[in-house]
>>> print(open('query-v1.csv').read())   # CSV, C-alpha atoms
chain,number,residue,atom,x,y,z
K,25,MET,CA,-28.8,-22.5,14.5
K,26,LEU,CA,-27.6,-26.0,15.3
K,27,VAL,CA,-25.6,-25.9,18.5
K,28,LEU,CA,-23.3,-28.7,19.5
K,29,SER,CA,-20.3,-29.2,21.8
K,30,ARG,CA,-16.9,-30.4,20.7
K,31,ARG,CA,-13.7,-31.0,22.6
K,32,ALA,CA,-10.2,-30.3,21.3
K,33,GLY,CA,-9.4,-33.1,18.8
K,34,GLU,CA,-13.0,-33.7,17.8
K,35,SER,CA,-14.4,-32.8,14.4
K,36,LEU,CA,-17.6,-32.4,12.6
K,37,ILE,CA,-18.6,-33.0,9.0
K,38,ILE,CA,-20.6,-30.6,6.9
K,39,GLY,CA,-22.1,-32.1,3.8
K,40,ASP,CA,-20.1,-34.5,1.8
K,41,ASP,CA,-16.7,-32.9,1.9
K,42,VAL,CA,-16.2,-30.3,4.6
K,43,ARG,CA,-14.5,-31.3,7.9
K,44,VAL,CA,-14.0,-28.8,10.7
K,45,LYS,CA,-11.8,-29.9,13.5
K,46,VAL,CA,-11.2,-28.2,16.9
K,47,LEU,CA,-7.5,-28.3,17.2
K,48,GLU,CA,-7.1,-26.6,20.6
K,49,ILE,CA,-8.9,-24.4,23.0
K,50,HIS,CA,-7.2,-21.7,25.0
K,51,GLY,CA,-9.5,-19.6,27.2
K,52,HIS,CA,-12.0,-17.9,24.9
K,53,GLN,CA,-10.2,-18.9,21.7
K,54,ALA,CA,-10.6,-22.0,19.7
K,55,ARG,CA,-8.2,-23.0,16.9
K,56,LEU,CA,-10.0,-24.7,14.1
K,57,GLY,CA,-8.7,-26.8,11.2
K,58,ILE,CA,-10.8,-26.9,8.1
K,59,GLU,CA,-10.6,-29.4,5.2
K,60,ALA,CA,-12.7,-28.5,2.2
K,61,PRO,CA,-12.5,-28.8,-1.6
K,62,GLY,CA,-10.2,-26.4,-3.3
K,63,ALA,CA,-12.9,-24.3,-4.8
K,64,VAL,CA,-14.6,-23.6,-1.4
K,65,ALA,CA,-13.8,-20.1,-0.2
K,66,ILE,CA,-13.2,-19.8,3.6
K,67,VAL,CA,-13.2,-16.4,5.1
K,68,ARG,CA,-13.5,-14.9,8.6
K,69,GLU,CA,-17.0,-13.5,9.1
K,70,GLU,CA,-15.8,-10.1,10.2
K,71,LEU,CA,-13.8,-9.7,7.0
K,72,HIS,CA,-16.8,-10.8,4.9
K,73,ARG,CA,-19.0,-8.2,6.7
K,74,ALA,CA,-16.4,-5.5,6.0
K,75,VAL,CA,-16.3,-6.4,2.3
K,76,ALA,CA,-20.1,-6.3,2.3
K,77,ALA,CA,-20.1,-2.9,3.9
K,78,ALA,CA,-17.5,-1.6,1.4
K,79,ASN,CA,-19.6,-2.9,-1.5
K,80,LYS,CA,-22.7,-1.2,-0.3
K,81,ASP,CA,-20.7,2.0,0.1
K,82,ALA,CA,-19.3,1.6,-3.4
K,83,ALA,CA,-22.8,1.1,-4.8
K,84,ARG,CA,-23.9,4.5,-3.5
K,85,ASN,CA,-21.9,6.1,-6.3
K,86,GLU,CA,-24.0,9.2,-7.1
K,87,CYS,CA,-20.8,11.3,-6.3
K,88,ALA,CA,-18.7,9.2,-8.7
K,89,VAL,CA,-17.7,11.1,-11.8
K,90,PRO,CA,-15.3,8.8,-13.6
K,91,GLY,CA,-14.1,11.5,-16.0
K,92,ASP,CA,-13.1,13.7,-13.2
K,93,LEU,CA,-11.3,10.9,-11.4
K,94,ALA,CA,-9.4,10.0,-14.6
K,95,ARG,CA,-8.4,13.6,-15.1
K,96,ARG,CA,-7.3,13.9,-11.5
K,97,MET,CA,-5.2,10.8,-11.9
K,98,LYS,CA,-3.8,12.3,-15.1
K,99,LEU,CA,-4.6,9.0,-16.7
K,100,ASP,CA,-5.7,10.3,-20.0
K,101,PRO,CA,-2.5,10.7,-22.0
K,102,GLU,CA,-4.0,9.2,-25.1
K,103,GLU,CA,-6.9,11.6,-25.2
K,104,GLU,CA,-9.0,10.8,-28.1
K,105,ALA,CA,-9.1,13.9,-30.2
K,106,GLU,CA,-12.8,14.3,-31.2
X,3,MET,CA,-22.2,5.7,-20.4
X,4,ARG,CA,-21.0,3.7,-23.3
X,5,ASN,CA,-20.8,0.0,-23.8
X,6,VAL,CA,-17.4,-1.6,-23.9
X,7,GLY,CA,-16.5,-1.8,-27.6
X,8,SER,CA,-19.9,-0.8,-28.7
X,9,GLN,CA,-20.3,0.1,-32.4
X,10,ALA,CA,-19.8,3.8,-32.3
X,11,ALA,CA,-20.2,5.9,-35.4
X,12,GLY,CA,-16.6,6.2,-36.4
X,13,PRO,CA,-14.6,3.4,-37.9
X,14,ALA,CA,-11.7,1.9,-36.0
X,15,VAL,CA,-13.2,2.0,-32.5
X,16,GLU,CA,-11.2,-0.7,-30.8
X,17,PRO,CA,-12.7,-2.6,-28.0
X,18,HIS,CA,-10.7,-1.7,-24.9
X,19,LEU,CA,-11.2,-5.0,-23.3
X,20,ASP,CA,-10.8,-8.4,-24.8
X,21,VAL,CA,-14.1,-9.7,-23.5
X,22,ALA,CA,-16.0,-12.2,-25.5
X,23,GLY,CA,-18.8,-10.6,-27.4
X,24,ALA,CA,-17.6,-7.1,-26.6
X,25,GLU,CA,-18.3,-6.0,-30.1
X,26,THR,CA,-22.0,-6.5,-29.9
X,27,ALA,CA,-24.1,-3.5,-28.9
X,28,GLU,CA,-25.2,-5.1,-25.7
X,29,PRO,CA,-22.2,-6.1,-23.5
X,30,SER,CA,-22.0,-9.7,-22.5
X,31,VAL,CA,-23.2,-10.8,-19.1
X,32,ILE,CA,-20.6,-11.9,-16.7
X,33,ARG,CA,-22.0,-14.6,-14.3
X,34,PHE,CA,-21.1,-14.4,-10.6
X,35,ALA,CA,-21.9,-17.8,-9.1
X,36,ASP,CA,-21.2,-16.4,-5.7
X,37,ALA,CA,-22.8,-13.0,-5.3
X,38,LEU,CA,-20.7,-10.0,-4.2
X,39,PRO,CA,-21.0,-9.7,-0.4
X,40,GLY,CA,-23.7,-7.2,0.5
X,41,LEU,CA,-25.2,-7.3,-3.0
X,42,GLU,CA,-26.6,-10.7,-3.0
X,43,GLY,CA,-29.5,-9.9,-5.3
X,44,SER,CA,-27.3,-9.6,-8.4
X,45,ARG,CA,-25.4,-12.4,-10.0
X,46,SER,CA,-25.3,-11.1,-13.6
X,47,TRP,CA,-23.2,-8.0,-14.3
X,48,GLN,CA,-22.0,-6.2,-17.4
X,49,LEU,CA,-18.8,-4.3,-17.7
X,50,ILE,CA,-19.3,-0.9,-19.4
X,51,GLU,CA,-16.8,1.7,-20.3
X,52,ALA,CA,-17.2,4.9,-18.3
X,53,ASP,CA,-17.3,7.9,-20.7
X,54,GLU,CA,-13.8,8.9,-21.7
X,55,ALA,CA,-12.5,7.7,-18.4
X,56,ARG,CA,-10.3,4.7,-18.9
X,57,PRO,CA,-9.2,2.8,-16.9
X,58,PHE,CA,-12.4,3.3,-15.0
X,59,TYR,CA,-15.4,1.2,-15.9
X,60,TRP,CA,-18.9,0.7,-14.7
X,61,LEU,CA,-19.9,-2.8,-13.5
X,62,LYS,CA,-23.6,-2.7,-13.9
X,63,SER,CA,-26.0,-5.2,-12.5
X,64,ALA,CA,-28.1,-7.0,-15.2
X,65,ASP,CA,-30.5,-8.0,-12.4
X,66,ASP,CA,-31.1,-4.6,-10.9
X,67,PRO,CA,-30.9,-1.6,-13.2
X,68,SER,CA,-30.4,0.8,-10.3
X,69,LEU,CA,-27.3,-1.0,-9.2
X,70,SER,CA,-23.8,-0.2,-10.5
X,71,LEU,CA,-20.3,-0.1,-9.2
X,72,LEU,CA,-17.5,2.1,-10.4
X,73,VAL,CA,-14.4,-0.1,-10.9
X,74,VAL,CA,-10.8,0.5,-12.0
X,75,ASP,CA,-7.9,-1.5,-13.3
X,76,PRO,CA,-5.8,-1.2,-10.2
X,77,ARG,CA,-2.4,-1.8,-11.9
X,78,SER,CA,-2.6,1.6,-13.6
X,79,VAL,CA,-3.4,3.5,-10.4
X,80,VAL,CA,-1.6,1.5,-7.7
X,81,PRO,CA,1.9,0.6,-8.8
X,82,GLY,CA,3.0,-2.7,-7.3
X,83,TYR,CA,-0.5,-4.1,-6.8
X,84,GLU,CA,0.1,-7.8,-7.7
X,85,PRO,CA,-1.8,-9.7,-5.1
X,86,LYS,CA,-1.7,-13.4,-4.7
X,87,LEU,CA,-5.2,-14.5,-5.6
X,88,PRO,CA,-6.7,-17.3,-3.5
X,89,SER,CA,-6.5,-20.7,-5.2
X,90,SER,CA,-10.1,-21.4,-4.3
X,91,GLY,CA,-11.1,-18.4,-6.4
X,92,MET,CA,-8.8,-19.3,-9.3
X,93,SER,CA,-10.5,-22.7,-9.3
X,94,ARG,CA,-14.1,-21.3,-9.2
X,95,LEU,CA,-13.2,-19.0,-12.1
X,96,GLU,CA,-11.7,-21.9,-14.1
X,97,LEU,CA,-8.4,-19.9,-14.3
X,98,GLU,CA,-5.1,-21.7,-14.6
X,99,GLY,CA,-2.5,-21.5,-11.9
X,100,ASP,CA,-2.7,-21.2,-8.2
X,101,GLY,CA,-3.0,-17.4,-8.0
X,102,ALA,CA,0.6,-16.4,-7.6
X,103,ALA,CA,1.5,-13.0,-9.0
X,104,GLY,CA,1.8,-13.2,-12.8
X,105,ASP,CA,-0.4,-16.3,-12.9
X,106,GLU,CA,-3.6,-14.4,-13.5
X,107,THR,CA,-2.5,-13.1,-16.9
X,108,SER,CA,-5.7,-14.4,-18.5
X,109,ALA,CA,-7.8,-12.8,-15.8
X,110,LEU,CA,-9.1,-9.3,-15.7
X,111,VAL,CA,-8.5,-7.9,-12.2
X,112,LEU,CA,-10.6,-4.8,-11.1
X,113,VAL,CA,-11.2,-3.1,-7.8
X,114,THR,CA,-14.2,-1.1,-6.6
X,115,VAL,CA,-14.0,2.6,-6.2
X,116,THR,CA,-15.9,4.4,-3.4
X,117,VAL,CA,-16.4,8.1,-3.7
X,118,ASP,CA,-17.5,10.1,-0.7
X,119,ASP,CA,-19.6,13.3,-0.6
X,120,ARG,CA,-16.5,15.5,-1.0
X,121,GLY,CA,-15.3,13.6,-4.0
X,122,ALA,CA,-12.5,11.7,-2.2
X,123,ALA,CA,-12.1,8.2,-3.6
X,124,THR,CA,-10.9,5.0,-2.1
X,125,LEU,CA,-10.2,1.6,-3.6
X,126,ASN,CA,-10.9,-1.8,-2.1
X,127,LEU,CA,-7.6,-3.6,-2.7
X,128,ARG,CA,-8.5,-6.4,-0.2
X,129,ALA,CA,-11.3,-7.8,-2.4
X,130,PRO,CA,-10.6,-7.5,-6.1
X,131,ILE,CA,-13.2,-8.4,-8.6
X,132,VAL,CA,-11.7,-11.0,-10.9
X,133,ILE,CA,-13.1,-11.9,-14.3
X,134,ASN,CA,-12.3,-14.8,-16.6
X,135,PRO,CA,-13.1,-13.1,-19.9
X,136,GLY,CA,-12.9,-16.4,-21.8
X,137,ARG,CA,-15.7,-18.0,-19.8
X,138,MET,CA,-17.4,-14.8,-18.7
X,139,LEU,CA,-17.2,-15.8,-15.1
X,140,GLY,CA,-16.6,-13.4,-12.2
X,141,ALA,CA,-16.1,-13.4,-8.5
X,142,GLN,CA,-15.0,-11.0,-5.8
X,143,LEU,CA,-12.0,-12.7,-4.2
X,144,ILE,CA,-11.2,-11.8,-0.6
X,145,LEU,CA,-7.4,-11.8,-0.2
X,146,ASP,CA,-5.7,-13.4,2.8
X,147,ASP,CA,-3.0,-10.8,2.7
X,148,THR,CA,-3.8,-8.1,5.3
X,149,ALA,CA,-1.3,-5.7,3.6
X,150,TRP,CA,-4.1,-4.7,1.2
X,151,PRO,CA,-6.6,-2.3,2.7
X,152,LEU,CA,-10.3,-2.1,1.9
X,153,ASP,CA,-10.0,1.7,1.7
X,154,HIS,CA,-6.8,2.6,-0.1
X,155,PRO,CA,-6.9,6.3,-1.0
X,156,LEU,CA,-6.9,7.0,-4.7
X,157,VAL,CA,-4.4,9.8,-5.2
X,158,PRO,CA,-2.4,11.0,-8.2
X,159,SER,CA,1.0,9.3,-8.5
X,160,GLU,CA,2.6,12.8,-8.7
X,161,GLY,CA,1.7,15.9,-6.8
X,162,GLU,CA,-0.9,18.2,-8.4
>>> encode(input="query-v1.csv", output="structure tokens")
Amino acid sequence: MLVLSRRAGESLIIGDDVRVKVLEIHGHQARLGIEAPGAVAIVREELHRAVAAANKDAARNECAVPGDLARRMKLDPEEEAE
Amino acid sequence: MRNVGSQAAGPAVEPHLDVAGAETAEPSVIRFADALPGLEGSRSWQLIEADEARPFYWLKSADDPSLSLLVVDPRSVVPGYEPKLPSSGMSRLELEGDGAAGDETSALVLVTVTVDDRGAATLNLRAPIVINPGRMLGAQLILDDTAWPLDHPLVPSEGE
């Protein structure tokens, strides 16, 4: 990991088009401003981790029986008569 | 497990999703340029109808046959779920608009279903899987809005 120090008001550039600026520092918290192209997703790491954990849970779906779920939700009004 | 819109024996089997190429026996591959968090090995997925269980579908990895996710169209099970999609995701998926509710009309919005050992199911409303069916592009978009939980209980709308 690259480690560098920045003061409030200073920035760094990542690649061609991402700029991260330290806006202010209060105790243990830094406020950052980020400029990036519109298609770049920016997300807090803990939320990304939570989604990763949720996806891994969802992938362990041996207990998932979609037909039972649909019946429980009473979602099959247009039952195909077969 | 049945392919979306696969050619079943009977006539008049309508494809349930207007996904390009859905009439072919093998469902089309949806490309995820950014992998789903936690499932980085798979960037190609296929949407397959779960047997007799609309609006539930299987999102099956085309890269890893052992990997599949149960997904559901949230609007039919969570009334009022009309999230503002992040504009970065709209742009990556080549969808028109800035993601405001109603903007994503051309997009297919699905959420993952997690079922625990006792059969209790939750939905991840915070990170919908959004598909542009015209371009066959997909992405899991993480919402800014903290109002949508990652583990919304899936319960019948009326008491059983």
>>> closest_atom_pairs(input="query-v1.csv", of="chain K", to="chain X", cutoff="6 Å", atoms="all atoms listed in the file", output="Markdown table")
| residue | atom | partner | partner_atom | distance |
| --- | --- | --- | --- | --- |
| K:Gly62 | CA | X:Ser90 | CA | 5.1 |
| K:Ala63 | CA | X:Ser90 | CA | 4.1 |
| K:Val64 | CA | X:Ser90 | CA | 5.8 |
| K:Ala65 | CA | X:Ser90 | CA | 5.7 |
| K:Ala76 | CA | X:Gly40 | CA | 4.1 |
| K:Ala82 | CA | X:Thr116 | CA | 4.4 |
| K:Ala83 | CA | X:Leu71 | CA | 5.2 |
| K:Ala88 | CA | X:Val117 | CA | 5.6 |
| K:Pro90 | CA | X:Ala55 | CA | 5.7 |
| K:Gly91 | CA | X:Ala55 | CA | 4.8 |
| K:Ala94 | CA | X:Ala55 | CA | 5.4 |
| K:Met97 | CA | X:Pro158 | CA | 4.6 |
>>> write_last_selection(input="query-v1.csv", atoms="C-alpha atoms", output="compact mmCIF listing (two decimals), in the coordinates of the input")
# COMPACT_ATOMS: atom_id res chain seq x y z
CA GLY K 62 -10.20 -26.40 -3.30
CA ALA K 63 -12.90 -24.30 -4.80
CA VAL K 64 -14.60 -23.60 -1.40
CA ALA K 65 -13.80 -20.10 -0.20
CA ALA K 76 -20.10 -6.30 2.30
CA ALA K 82 -19.30 1.60 -3.40
CA ALA K 83 -22.80 1.10 -4.80
CA ALA K 88 -18.70 9.20 -8.70
CA PRO K 90 -15.30 8.80 -13.60
CA GLY K 91 -14.10 11.50 -16.00
CA ALA K 94 -9.40 10.00 -14.60
CA MET K 97 -5.20 10.80 -11.90
>>> residues_around(input="query-v1.csv", residues="Asn134 in chain X", least_positions_apart="5", cutoff="7 Å", atoms="only C-alpha atoms", output="PyMOL selection string")
chain X and resi 95+97+108-110+139-140
>>> atom_distance(input="query-v1.csv", atom1="CA of Pro135 in chain X", atom2="CA of Val31 in chain X")
10.4 Å
>>> atom_distance(input="query-v1.csv", atom1="CA of Val42 in chain K", atom2="CA of Ile58 in chain K")
7.3 Å
>>> atom_distance(input="query-v1.csv", atom1="CA of Arg45 in chain X", atom2="CA of Arg33 in chain X")
5.9 Å
>>> decode(input="query-v1.csv", residues="chain K", atoms="C-alpha atoms", output="JSON list (two decimals), in the first residue's frame")
[["chain", "number", "residue", "atom", "x", "y", "z"],
["K", 25, "MET", "CA", 0.00, 0.00, 0.00],
["K", 26, "LEU", "CA", 1.22, 3.44, -0.90],
["K", 27, "VAL", "CA", 1.23, 5.63, 2.19],
["K", 28, "LEU", "CA", 1.42, 9.40, 2.00],
["K", 29, "SER", "CA", 0.51, 12.35, 4.20],
["K", 30, "ARG", "CA", -1.85, 15.14, 3.20],
["K", 31, "ARG", "CA", -2.99, 18.26, 5.04],
["K", 32, "ALA", "CA", -6.45, 19.71, 4.87],
["K", 33, "GLY", "CA", -6.85, 21.43, 1.51],
["K", 34, "GLU", "CA", -4.36, 19.17, -0.25],
["K", 35, "SER", "CA", -5.31, 16.65, -2.92],
["K", 36, "LEU", "CA", -4.00, 13.66, -4.74],
["K", 37, "ILE", "CA", -4.63, 12.47, -8.26],
["K", 38, "ILE", "CA", -5.36, 8.83, -9.15],
["K", 39, "GLY", "CA", -4.88, 7.95, -12.79],
["K", 40, "ASP", "CA", -6.09, 10.43, -15.38],
["K", 41, "ASP", "CA", -9.32, 11.56, -13.92],
["K", 42, "VAL", "CA", -9.81, 10.92, -10.21],
["K", 43, "ARG", "CA", -8.99, 13.59, -7.64],
["K", 44, "VAL", "CA", -9.30, 13.06, -3.90],
["K", 45, "LYS", "CA", -9.11, 16.16, -1.73],
["K", 46, "VAL", "CA", -8.84, 16.29, 2.06],
["K", 47, "LEU", "CA", -11.40, 18.96, 2.92],
["K", 48, "GLU", "CA", -11.02, 19.03, 6.69],
["K", 49, "ILE", "CA", -9.69, 16.97, 9.55],
["K", 50, "HIS", "CA", -11.41, 16.78, 12.93],
["K", 51, "GLY", "CA", -9.74, 14.51, 15.43],
["K", 52, "HIS", "CA", -9.91, 11.00, 13.98],
["K", 53, "GLN", "CA", -12.17, 11.92, 11.09],
["K", 54, "ALA", "CA", -11.20, 13.29, 7.70],
["K", 55, "ARG", "CA", -13.74, 14.73, 5.26],
["K", 56, "LEU", "CA", -12.85, 13.90, 1.69],
["K", 57, "GLY", "CA", -14.03, 15.38, -1.57],
["K", 58, "ILE", "CA", -13.83, 13.14, -4.61],
["K", 59, "GLU", "CA", -13.99, 14.14, -8.25],
["K", 60, "ALA", "CA", -14.36, 11.23, -10.66],
["K", 61, "PRO", "CA", -16.00, 10.50, -14.01],
["K", 62, "GLY", "CA", -19.75, 9.91, -13.84],
["K", 63, "ALA", "CA", -19.50, 6.18, -14.46],
["K", 64, "VAL", "CA", -17.15, 5.56, -11.52],
["K", 65, "ALA", "CA", -18.94, 4.05, -8.51],
["K", 66, "ILE", "CA", -17.76, 5.36, -5.15],
["K", 67, "VAL", "CA", -18.84, 3.44, -2.08],
["K", 68, "ARG", "CA", -17.78, 3.20, 1.55],
["K", 69, "GLU", "CA", -15.70, 0.08, 2.07],
["K", 70, "GLU", "CA", -17.80, -1.23, 4.96],
["K", 71, "LEU", "CA", -20.92, -1.10, 2.80],
["K", 72, "HIS", "CA", -19.12, -2.87, -0.05],
["K", 73, "ARG", "CA", -18.06, -5.57, 2.44],
["K", 74, "ALA", "CA", -21.61, -5.90, 3.74],
["K", 75, "VAL", "CA", -22.92, -6.39, 0.20],
["K", 76, "ALA", "CA", -20.17, -8.96, -0.46],
["K", 77, "ALA", "CA", -21.20, -10.87, 2.68],
["K", 78, "ALA", "CA", -24.88, -10.68, 1.68],
["K", 79, "ASN", "CA", -24.05, -12.00, -1.81],
["K", 80, "LYS", "CA", -22.08, -14.91, -0.38],
["K", 81, "ASP", "CA", -25.00, -15.74, 1.91],
["K", 82, "ALA", "CA", -27.41, -15.52, -1.01],
["K", 83, "ALA", "CA", -25.22, -17.88, -3.04],
["K", 84, "ARG", "CA", -25.61, -20.56, -0.33],
["K", 85, "ASN", "CA", -29.12, -21.21, -1.53],
["K", 86, "GLU", "CA", -29.59, -24.95, -1.00],
["K", 87, "CYS", "CA", -32.58, -24.09, 1.24],
["K", 88, "ALA", "CA", -34.16, -21.89, -1.42],
["K", 89, "VAL", "CA", -37.27, -23.43, -2.94],
["K", 90, "PRO", "CA", -38.68, -20.75, -5.24],
["K", 91, "GLY", "CA", -42.01, -22.53, -5.70],
["K", 92, "ASP", "CA", -42.58, -22.60, -1.93],
["K", 93, "LEU", "CA", -41.65, -18.94, -1.63],
["K", 94, "ALA", "CA", -44.00, -17.97, -4.44],
["K", 95, "ARG", "CA", -46.83, -19.95, -2.84],
["K", 96, "ARG", "CA", -46.13, -18.40, 0.56],
["K", 97, "MET", "CA", -46.25, -14.97, -1.02],
["K", 98, "LYS", "CA", -49.50, -15.94, -2.75],
["K", 99, "LEU", "CA", -47.93, -14.73, -5.92],
["K", 100, "ASP", "CA", -49.36, -17.29, -8.28],
["K", 101, "PRO", "CA", -52.83, -16.03, -9.12],
["K", 102, "GLU", "CA", -52.34, -16.87, -12.77],
["K", 103, "GLU", "CA", -51.53, -20.51, -12.12],
["K", 104, "GLU", "CA", -50.88, -22.22, -15.36],
["K", 105, "ALA", "CA", -53.37, -25.05, -15.55],
["K", 106, "GLU", "CA", -51.37, -28.00, -16.78]]
